[in-house]
Structure formats: structure tokens, C-alpha cells
Amino acid sequence: MALLPILEYPDPRLKKVAAPVAAVTPEIRKLVRDMAETMYAAPGVGLAATQVDVHKRVIVIDVSEHKDELRVFINPEILEAEGEAECEEGCLSVPGYYDKVTRAARVRVRAQNENGETCDVDAEGLLAVCIQHEMDHLLGKVFVEYLSPLKRARLAAKLRKKQRLAG
Ligand code: NI
């Protein structure tokens with residue numbers, strides 16, 4: 001297994017749209033293991049392949065208290081979404097920044113797992129938020145794009161300052 005470098009917003013590679021996975025090969029299973037290790041080490045509750053510069057429709061999530069319930073979503077599709085919930089979100093690609101985003105409260109998702117089996121999952125709460133957040137990454141979208149123009153301008157100023165300090 002290997003820890004993968006995580007792209008940071010506003011890296012343009014975070015805007016790439018991920019391609020469907022044609023078959024769950026050993027290479028995809030290795031990607032899943034490396035992504036899980038990277039997510040747990042960060043630590044985070046979810047990671048999309050886009051964030052590690054692999055543009056394939058693969059997501060790993062673990063919202064359990066003891067970090068022992070890894071969920072793998074390959075080629076995820078939302079079959080149903082209902083309700084609305086506001087939740088404070090963060091992202092491994094936007095370190096140190098958290099803000100509220102409104103999403104569907106409940107979703108039914110169809111995806112393949114690391115064994116290539118297709119499963120439907122009914123999700124609510126943090127899991128539902130996380131699935132929607134990670135699926136956005138696969139479409140090239142980062143959660144801060146939901147923020148108001150004023151908040152985005154403030155974030156951009158903060159990131160520029162951070163870059164100057166780092167550079
Ligand atoms: Ni994220």
C-alpha cells in the first residue's frame with residue numbers, strides 16, 4: 001500500500017471529470033487500498049480518486065466512529081434524493097476550511113464495490129452528505145464552489161496569503 005499525494009484547491013486538476021471504471025481489475029483494487037490508506041492517514045472521512053489525481057469514478061468513505069467500516073463506491077449513481085439538510089463540511093483538498101453546505105438529506109446510491117458487485121445503499125446523515133460531497137469531486141466540483149461569492153473571495157485571499165507564506 002502507499003500514501004498518495006492529495007491535490008489542494010484551487011489545483012486545476014481538481015476540475016477534471018472522472019471516467020467510468022470499465023472493470024474492477026487488480027489495478028482498481030490497488031487504487032482502492034491506497035486511497036483508503038491515504039484517507040485514514042490524513043485523517044478524513046472520505047476521498048475521491050480525483051483528489052489523488054486519478055480521474056476514475058472511485059470513492060472511499062468511512063464515517064464510523066472506530067474507522068473500521070470502509071465503504072467503496074465505484075461508478076456511483078444517485079437513484080433517489082430527498083429532503084434537505086445543512087451540514088458543516090470540510091475537505092482534504094481545502095485544509096483548514098469548513099463551511100455549511102445544503103444537500104439532499106437522504107440518497108439512494110447504486111455503485112459497485114471492490115469485488116465488482118453492484119449494491120444499492122440507502123444513506124442519510126453524515127454518510128449521505130459524504131457521498132454527495134465525494135461524487136461532486138468526480139464531476140470536478142469542490143464544496144467551496146457552493147459558497148457565496150463573498151465567502152469564496154475571502155477563501156481565495158486566504159489561500160493566496162498561505163501560498164505567499166509557503167513560497
Ligand atoms: Ni472533498
# chains A, B, ... in the order shown; residues from 1 in each chain; ligands from 1
call {"tool": "residues_near_ligand", "arguments": {"ligand": "ligand 1", "cutoff": "8 Å", "atoms": "only C-alpha atoms and all ligand atoms", "output": "ChimeraX atom specification"}}
result
/A:46-48,51,90-94,133-134,137,142-143
call {"tool": "closest_atom_pairs", "arguments": {"of": "region 58-154 of chain A", "to": "region 14-32 of chain A", "cutoff": "10 Å", "atoms": "only C-alpha atoms", "output": "CSV"}}
result
residue,atom,partner,partner_atom,distance
A:Val58,CA,A:Val32,CA,7.5
A:Ile59,CA,A:Val32,CA,7.9
A:Val60,CA,A:Val32,CA,7.1
A:Val72,CA,A:Val32,CA,7.5
A:Phe73,CA,A:Val32,CA,9.5
A:Ile74,CA,A:Val21,CA,7.1
A:Asn75,CA,A:Pro20,CA,5.8
A:Pro76,CA,A:Pro20,CA,9.2
A:Ser93,CA,A:Leu14,CA,8.7
A:Gln112,CA,A:Val24,CA,8.5
A:Asn113,CA,A:Val24,CA,8.5
A:Glu114,CA,A:Arg29,CA,6.0
A:Asn115,CA,A:Val24,CA,7.0
A:Gly116,CA,A:Val24,CA,5.4
A:Glu117,CA,A:Val24,CA,9.2
A:Met135,CA,A:Ala18,CA,9.8
A:Asp136,CA,A:Val17,CA,9.5
A:His137,CA,A:Leu14,CA,7.2
A:Leu138,CA,A:Ala18,CA,5.1
A:Leu139,CA,A:Val17,CA,4.7
A:Gly140,CA,A:Lys15,CA,3.8
A:Lys141,CA,A:Lys15,CA,6.1
A:Val142,CA,A:Leu14,CA,7.5
call {"tool": "atom_distance", "arguments": {"atom1": "CA of Asp34 (chain A)", "atom2": "CA of Asp11 (chain A)"}}
result
21.1 Å
call {"tool": "closest_residue", "arguments": {"among": "A:Val45, A:Met35, A:Leu165, A:Val109", "to": "Glu69 (chain A)", "atoms": "only C-alpha atoms"}}
result
A:Val45
call {"tool": "select_by_dssp", "arguments": {"residues": "chain A", "states": "strand (DSSP E)", "output": "ChimeraX atom specification"}}
result
/A:46-48,58-61,71-82,85-89,99-103,106-112,118-124
